[in-house]
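K.L.:
Below you'll find the structure I mean.
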Amino acid sequence: MVRSFEYVVPGSLDEALETMKEHAPHLKPLAGGTDLLVELKNNLNGPQVVMDLSGLPELRGVEETSAGLRIGAMVTHTEIEKDPLIAEHVPAMMAAAATIGGVQTRNMGTIGGNLVTAVPSLDSGPVLLALDAQVTVAAAGGKRQLPLTEFFVGPRQTALAPDELLVDILIPTVMLGRRASFRKFGLRKGQALALVNAAASVAVEGGRIAEARIALGAVSPTVIRAMSAERVVTGKQINDADALREAAEVAVTEAQPIDDFRASAAYRRELIAVGTFRVLEEALAQTTAA
Amino acid sequence: MHQVEATVNGATRRAEVSPETTLLSTLRDSWGLTGSKLGCDVGDCGACTVLVDGLSVNSCLLLAVQVNGREVVTIEGLGGFEYLHRLQTAFERLSSFQCGFCAPGMIISAKALLDENPAPTEPEIREALAGNLCRCTGYTKVIDAITEICRDRAVAVEAPA
């Protein structure tokens, strides 16, 4: 049985932030609920207040702004799979969203909720890191924007203060239309947690890789960028398979995979190499409108 | 306590619930709609799947207060003693029920799929049911039943009027 709490539904972001200021740290925001409800059922010392975010228009929608593509924190994984702007500018996000849970989980779960859990295996993380995503967080005192790399602090730990709310995610303009790819390795096709997931984005100029981003999940305390591997491929010809293989080996050295009941660290290291190679290869094989 | 009013299977239903009450408990315990099943209680098994505003969701992971003013469809809304939905008929004809525990959720997920995509491929059917586990592992007959409906429909569309 779940410990009871006060349930509130603010009608505006300002009201929500004032409520958080008043009740933090004894308040939990409720987005899709696919994680929070499980937590409430398992935790005897649950929050005193649960704040339903469904009434906040500021947290919804996908739109193009002068800074890039803005994705509201309450946008669901199903909405990401079907959104025309995401299909046009960041289709790798659709690939990542499609691997999350089953249909029911994707219908309820939100991208903001996924990021806030900050689990190392979260599926929306790698593509967003590979696209230099920024996040906007707000408190009653004001908003701040930070790179997603700084948002993830540790396993299940984010840079959010107890009274701060994740408002939206921004893919910078320069990253829209960039070639990008995502791969997830699980123990089965449906509803699996990632053993390893990987994403890459590449900018190509004159047949060479001008810029590369490689991001890996489930291999370290947080989702990480494999920056040494990125340096290996930067400046290389796009058909230089040896460079991709070397980057794959280097990426393995940048991760700290663990042994657990799903897979051994040794197996995860193999998957990191395979995943890094494939996401680079797939991103390079794409043609881009940009 | 909170007052909840929702349209459930086309009829207005009301309940007074404490905030932590799930939609699933309210369906089963307040409204007597016991077709939706309590399986894992953490959103893995899909036995509690219902439609909320047309989307399939796990009712064990929704608070009853969250569906205030919304439209809920459960297995009881598809068919009953007087008539059966074509999905229920197909499950019956092809013996897709083993113990039957997962069937309400399976059928609701299949309905959500067919509402959106009347002629899904088998991989699309399997993907649409990935959130529904069968403890008897009787997946083949479930896929067969949905596939048969789609084939019947394809024939119907092709046949001259």
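Residues in the structure tokens are numbered from 1 in each chain, the chains being A, B, ... in the order shown, and ligands are numbered from 1 in the order shown.
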What are the residues of chain A that have an atom within 12 Å of an atom of chain B, counting only C-alpha atoms, as a PyMOL selection string?

P.N.:
chain A and resi 1-9+30-42+46-55+76+78-79+98-109+188-193

K.L.:
Quick one: everything within 12 Å of Thr12 of chain B, counting only C-alpha atoms, minus sequence neighbours fewer than 2 positions away in the same chain. Send it as a list in words.

P.N.:
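So the residues in contact are Val4, Glu5, Ala6, Thr7, Val8, Asn9, Gly10, Arg14, Ala15, Trp31, Asn68, Gly69, Arg70, Glu71, Val72 and Val73 of chain B.
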
K.L.:
Next, write the just-selected residues to a file, as a short mmCIF file (atom, residue, chain, number, x, y, z; two decimals), in the first residue's frame, keeping N, CA and C atoms as the atom set.

P.N.:
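And here's out23.cif as it stands now:
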data_model
loop_
_atom_site.label_atom_id
_atom_site.label_comp_id
_atom_site.auth_asym_id
_atom_site.auth_seq_id
_atom_site.Cartn_x
_atom_site.Cartn_y
_atom_site.Cartn_z
N VAL B 4 -13.56 12.07 -8.08
CA VAL B 4 -13.15 11.78 -9.45
C VAL B 4 -14.40 11.53 -10.27
N GLU B 5 -14.46 12.17 -11.44
CA GLU B 5 -15.57 11.91 -12.36
C GLU B 5 -14.96 11.66 -13.73
N ALA B 6 -15.23 10.51 -14.29
CA ALA B 6 -14.67 10.16 -15.59
C ALA B 6 -15.72 9.46 -16.43
N THR B 7 -15.52 9.51 -17.73
CA THR B 7 -16.38 8.73 -18.62
C THR B 7 -15.72 7.37 -18.78
N VAL B 8 -16.41 6.35 -18.27
CA VAL B 8 -15.83 5.00 -18.32
C VAL B 8 -16.74 4.13 -19.19
N ASN B 9 -16.19 3.65 -20.28
CA ASN B 9 -16.97 2.84 -21.23
C ASN B 9 -18.26 3.55 -21.64
N GLY B 10 -18.17 4.86 -21.80
CA GLY B 10 -19.30 5.63 -22.29
C GLY B 10 -20.23 6.17 -21.22
N ARG B 14 -18.43 8.11 -10.95
CA ARG B 14 -17.86 8.97 -9.91
C ARG B 14 -17.32 8.10 -8.78
N ALA B 15 -16.27 8.61 -8.15
CA ALA B 15 -15.76 7.92 -6.97
C ALA B 15 -15.09 8.94 -6.07
N TRP B 31 -15.77 0.55 -8.94
CA TRP B 31 -16.69 0.49 -10.06
C TRP B 31 -17.00 -0.94 -10.50
N ASN B 68 -9.53 12.33 -13.80
CA ASN B 68 -10.69 13.19 -13.61
C ASN B 68 -10.97 13.95 -14.91
N GLY B 69 -12.21 13.83 -15.41
CA GLY B 69 -12.58 14.54 -16.63
C GLY B 69 -12.14 13.87 -17.92
N ARG B 70 -11.53 12.71 -17.81
CA ARG B 70 -11.03 12.04 -19.01
C ARG B 70 -11.89 10.82 -19.36
N GLU B 71 -11.56 10.23 -20.53
CA GLU B 71 -12.36 9.11 -21.03
C GLU B 71 -11.56 7.81 -20.89
N VAL B 72 -12.14 6.85 -20.22
CA VAL B 72 -11.47 5.57 -19.97
C VAL B 72 -12.25 4.46 -20.68
N VAL B 73 -11.54 3.57 -21.35
CA VAL B 73 -12.18 2.38 -21.93
C VAL B 73 -11.48 1.15 -21.39
#

K.L.:
If DSSP is run on the backbone, what residues of segment 26-121 of chain B are alpha helix (DSSP H)? A reply as a short mmCIF file (atom, residue, chain, number, x, y, z; two decimals) with N, CA, C and O atoms, in the first residue's frame would be ideal.

P.N.:
data_model
loop_
_atom_site.label_atom_id
_atom_site.label_comp_id
_atom_site.auth_asym_id
_atom_site.auth_seq_id
_atom_site.Cartn_x
_atom_site.Cartn_y
_atom_site.Cartn_z
N ARG B 86 -14.96 -7.93 -32.15
CA ARG B 86 -14.36 -8.89 -33.09
C ARG B 86 -13.01 -9.42 -32.60
O ARG B 86 -12.61 -10.54 -32.92
N LEU B 87 -12.30 -8.61 -31.78
CA LEU B 87 -11.06 -9.12 -31.20
C LEU B 87 -11.34 -10.26 -30.22
O LEU B 87 -10.65 -11.29 -30.20
N GLN B 88 -12.40 -10.06 -29.41
CA GLN B 88 -12.75 -11.10 -28.44
C GLN B 88 -13.19 -12.37 -29.17
O GLN B 88 -12.82 -13.48 -28.78
N THR B 89 -13.97 -12.21 -30.24
CA THR B 89 -14.43 -13.35 -31.02
C THR B 89 -13.24 -14.10 -31.62
O THR B 89 -13.19 -15.33 -31.60
N ALA B 90 -12.27 -13.34 -32.14
CA ALA B 90 -11.11 -13.98 -32.75
C ALA B 90 -10.28 -14.72 -31.71
O ALA B 90 -9.79 -15.83 -31.95
N PHE B 91 -10.13 -14.13 -30.52
CA PHE B 91 -9.40 -14.81 -29.44
C PHE B 91 -10.11 -16.12 -29.08
O PHE B 91 -9.48 -17.14 -28.84
N GLU B 92 -11.44 -16.07 -29.04
CA GLU B 92 -12.20 -17.26 -28.68
C GLU B 92 -12.06 -18.32 -29.78
O GLU B 92 -11.79 -19.49 -29.50
N ARG B 93 -12.21 -17.89 -31.04
CA ARG B 93 -12.18 -18.84 -32.16
C ARG B 93 -10.83 -19.55 -32.25
O ARG B 93 -10.75 -20.72 -32.56
N ALA B 103 -5.32 -11.67 -21.17
CA ALA B 103 -6.12 -11.40 -22.37
C ALA B 103 -6.77 -10.01 -22.39
O ALA B 103 -6.73 -9.34 -23.42
N PRO B 104 -7.36 -9.54 -21.27
CA PRO B 104 -7.96 -8.20 -21.34
C PRO B 104 -6.95 -7.13 -21.76
O PRO B 104 -7.25 -6.29 -22.60
N GLY B 105 -5.76 -7.20 -21.19
CA GLY B 105 -4.72 -6.23 -21.54
C GLY B 105 -4.26 -6.40 -22.97
O GLY B 105 -4.06 -5.42 -23.71
N MET B 106 -4.10 -7.65 -23.39
CA MET B 106 -3.68 -7.93 -24.77
C MET B 106 -4.70 -7.36 -25.76
O MET B 106 -4.35 -6.74 -26.76
N ILE B 107 -5.98 -7.60 -25.45
CA ILE B 107 -7.04 -7.16 -26.37
C ILE B 107 -7.13 -5.62 -26.42
O ILE B 107 -7.30 -5.04 -27.48
N ILE B 108 -6.96 -4.99 -25.26
CA ILE B 108 -6.97 -3.51 -25.25
C ILE B 108 -5.78 -2.98 -26.06
O ILE B 108 -5.92 -2.04 -26.86
N SER B 109 -4.60 -3.58 -25.89
CA SER B 109 -3.44 -3.12 -26.67
C SER B 109 -3.67 -3.34 -28.16
O SER B 109 -3.29 -2.51 -28.99
N ALA B 110 -4.29 -4.47 -28.50
CA ALA B 110 -4.59 -4.76 -29.90
C ALA B 110 -5.60 -3.76 -30.46
O ALA B 110 -5.48 -3.29 -31.58
N LYS B 111 -6.58 -3.39 -29.63
CA LYS B 111 -7.57 -2.41 -30.07
C LYS B 111 -6.89 -1.06 -30.34
O LYS B 111 -7.16 -0.41 -31.35
N ALA B 112 -5.99 -0.67 -29.42
CA ALA B 112 -5.28 0.60 -29.61
C ALA B 112 -4.50 0.58 -30.92
O ALA B 112 -4.48 1.56 -31.67
N LEU B 113 -3.90 -0.56 -31.22
CA LEU B 113 -3.15 -0.69 -32.47
C LEU B 113 -4.08 -0.56 -33.67
O LEU B 113 -3.82 0.22 -34.59
N LEU B 114 -5.18 -1.35 -33.66
CA LEU B 114 -6.07 -1.37 -34.83
C LEU B 114 -6.80 -0.04 -35.02
O LEU B 114 -7.11 0.33 -36.15
N ASP B 115 -7.05 0.68 -33.93
CA ASP B 115 -7.68 2.00 -34.06
C ASP B 115 -6.77 2.94 -34.87
O ASP B 115 -7.24 3.81 -35.58
N GLU B 116 -5.47 2.74 -34.71
CA GLU B 116 -4.52 3.64 -35.35
C GLU B 116 -4.05 3.09 -36.70
O GLU B 116 -3.75 3.84 -37.62
#

K.L.:
Quick one: everything within 12 Å of Arg245 of chain A, counting only C-alpha atoms, minus sequence neighbours fewer than 6 positions away in the same chain. Send it as a list in words.

P.N.:
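My reading of the contact set: Ala229, Glu230, Val232, Val233, Asn239, Ala251, Val252, Ile272, Ala273, Val274, Gly275, Thr276, Phe277, Arg278, Val279, Leu280 and Glu281 of chain A.
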
K.L.:
Pick out the residues sitting within 8 Å of Ile169 of chain A, and hand them over as an MDAnalysis selection string; count only C-alpha atoms, and ignore anything fewer than 5 positions along from it in its own chain.

P.N.:
chainID A and resid 70:73 112 133:136

K.L.:
Please produce an output containing N, CA and C atoms for each residue in the selection, written as a PDB file, in the first residue's frame.

P.N.:
ATOM      1  N   ARG A  70      13.061  23.298 -29.411  1.00  0.00           N
ATOM      2  CA  ARG A  70      12.698  23.247 -27.992  1.00  0.00           C
ATOM      3  C   ARG A  70      11.698  22.126 -27.763  1.00  0.00           C
ATOM      4  N   ILE A  71      12.019  21.241 -26.842  1.00  0.00           N
ATOM      5  CA  ILE A  71      11.150  20.102 -26.548  1.00  0.00           C
ATOM      6  C   ILE A  71      10.720  20.206 -25.092  1.00  0.00           C
ATOM      7  N   GLY A  72       9.426  20.345 -24.868  1.00  0.00           N
ATOM      8  CA  GLY A  72       8.922  20.473 -23.496  1.00  0.00           C
ATOM      9  C   GLY A  72       9.199  19.215 -22.698  1.00  0.00           C
ATOM     10  N   ALA A  73       9.457  19.380 -21.411  1.00  0.00           N
ATOM     11  CA  ALA A  73       9.803  18.242 -20.551  1.00  0.00           C
ATOM     12  C   ALA A  73       8.678  17.220 -20.472  1.00  0.00           C
ATOM     13  N   GLY A 112      11.271  14.460 -20.147  1.00  0.00           N
ATOM     14  CA  GLY A 112      11.791  15.116 -18.945  1.00  0.00           C
ATOM     15  C   GLY A 112      11.898  14.139 -17.786  1.00  0.00           C
ATOM     16  N   ALA A 133      22.696  18.742 -26.367  1.00  0.00           N
ATOM     17  CA  ALA A 133      21.446  19.273 -25.811  1.00  0.00           C
ATOM     18  C   ALA A 133      21.705  20.111 -24.557  1.00  0.00           C
ATOM     19  N   GLN A 134      20.886  21.141 -24.418  1.00  0.00           N
ATOM     20  CA  GLN A 134      20.878  21.984 -23.224  1.00  0.00           C
ATOM     21  C   GLN A 134      19.551  21.739 -22.517  1.00  0.00           C
ATOM     22  N   VAL A 135      19.515  21.947 -21.210  1.00  0.00           N
ATOM     23  CA  VAL A 135      18.236  21.855 -20.510  1.00  0.00           C
ATOM     24  C   VAL A 135      17.956  23.167 -19.784  1.00  0.00           C
ATOM     25  N   THR A 136      16.673  23.510 -19.706  1.00  0.00           N
ATOM     26  CA  THR A 136      16.267  24.678 -18.927  1.00  0.00           C
ATOM     27  C   THR A 136      15.638  24.178 -17.642  1.00  0.00           C
TER      28      THR A 136
END

K.L.:
Write down as number ranges by chain the residues of segment 55-228 of chain A whose backbone DSSP state falls under strand (DSSP E).

P.N.:
A: 62-65, 68-72, 134-139, 142-147, 152-154, 157-158, 165-172, 179-185, 196-205, 208-217, 224-225

K.L.:
Between A:Gly177, A:Gly125, A:Gly217, A:Pro120, which residue has the minimum interatomic distance to Gln157 of chain A, considering only C-alpha atoms?

P.N.:
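For Gln157 of chain A, the nearest of the candidates is A:Pro120.
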
K.L.:
When you count only C-alpha atoms, which of these residues is closest to Ser228 of chain A: A:Ala241, A:Ile171, A:Ala248, A:Met20?

P.N.:
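Under the stated criterion, the closest residue is A:Ala248.
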
K.L.:
Which residues are near Cys102 of chain B? Cut-off 7 Å, only C-alpha atoms, ignore same chain within fewer than 6 positions. Put them as a list of chain:residue names.

P.N.:
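Here the qualifying residues turn out to be B:Ala47, B:Leu133, B:Cys134.
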
K.L.:
Go ahead and dump the residues you just picked, C-alpha atoms, as a CSV table (one decimal), in the first residue's frame.

P.N.:
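Everything below was put into part26.csv:
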chain,number,residue,atom,x,y,z
B,47,ALA,CA,-2.5,-7.0,-17.5
B,133,LEU,CA,3.3,-10.3,-20.9
B,134,CYS,CA,1.6,-13.8,-21.0

K.L.:
Skip Met175 of chain A itself and residues of its chain fewer than 5 positions away, then list as a list in words all residues within 9 Å of it, counting only C-alpha atoms.

P.N.:
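The residues satisfying every condition are Gly68, His89, Val90, Leu131, Asp132, Ala133, Ser201 and Ala203 of chain A.
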
K.L.:
I need the chosen residues saved as a PDB file, in the first residue's frame, with N, CA, C and O atoms.

P.N.:
ATOM      1  N   GLY A  68      17.092  26.986 -31.467  1.00  0.00           N
ATOM      2  CA  GLY A  68      17.106  25.577 -31.852  1.00  0.00           C
ATOM      3  C   GLY A  68      15.741  24.943 -31.700  1.00  0.00           C
ATOM      4  O   GLY A  68      14.722  25.632 -31.742  1.00  0.00           O
ATOM      5  N   HIS A  89      14.265  17.178 -38.028  1.00  0.00           N
ATOM      6  CA  HIS A  89      15.534  17.733 -37.545  1.00  0.00           C
ATOM      7  C   HIS A  89      16.390  16.763 -36.738  1.00  0.00           C
ATOM      8  O   HIS A  89      17.614  16.846 -36.774  1.00  0.00           O
ATOM      9  N   VAL A  90      15.755  15.899 -35.952  1.00  0.00           N
ATOM     10  CA  VAL A  90      16.523  15.012 -35.066  1.00  0.00           C
ATOM     11  C   VAL A  90      15.918  13.602 -35.046  1.00  0.00           C
ATOM     12  O   VAL A  90      15.495  13.105 -33.996  1.00  0.00           O
ATOM     13  N   LEU A 131      24.040  15.394 -29.420  1.00  0.00           N
ATOM     14  CA  LEU A 131      23.547  16.584 -30.130  1.00  0.00           C
ATOM     15  C   LEU A 131      23.716  17.845 -29.285  1.00  0.00           C
ATOM     16  O   LEU A 131      23.078  18.867 -29.540  1.00  0.00           O
ATOM     17  N   ASP A 132      24.584  17.780 -28.268  1.00  0.00           N
ATOM     18  CA  ASP A 132      24.888  18.957 -27.431  1.00  0.00           C
ATOM     19  C   ASP A 132      23.644  19.577 -26.800  1.00  0.00           C
ATOM     20  O   ASP A 132      23.535  20.808 -26.711  1.00  0.00           O
ATOM     21  N   ALA A 133      22.696  18.742 -26.367  1.00  0.00           N
ATOM     22  CA  ALA A 133      21.446  19.273 -25.811  1.00  0.00           C
ATOM     23  C   ALA A 133      21.705  20.111 -24.557  1.00  0.00           C
ATOM     24  O   ALA A 133      22.620  19.849 -23.773  1.00  0.00           O
ATOM     25  N   SER A 201      26.941  11.583 -33.467  1.00  0.00           N
ATOM     26  CA  SER A 201      26.562  12.570 -34.479  1.00  0.00           C
ATOM     27  C   SER A 201      27.850  12.991 -35.182  1.00  0.00           C
ATOM     28  O   SER A 201      28.921  13.017 -34.560  1.00  0.00           O
ATOM     29  N   ALA A 203      29.523  15.721 -38.311  1.00  0.00           N
ATOM     30  CA  ALA A 203      29.433  16.765 -39.338  1.00  0.00           C
ATOM     31  C   ALA A 203      30.496  16.434 -40.377  1.00  0.00           C
ATOM     32  O   ALA A 203      31.638  16.131 -40.020  1.00  0.00           O
TER      33      ALA A 203
END

K.L.:
As an exercise, work out the distance from atom CA of Gln3 of chain B to atom CA of Val17 of chain B in Å and give it to one decimal place.

P.N.:
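Between atom CA of Gln3 of chain B and atom CA of Val17 of chain B the gap works out to 6.5 Å.
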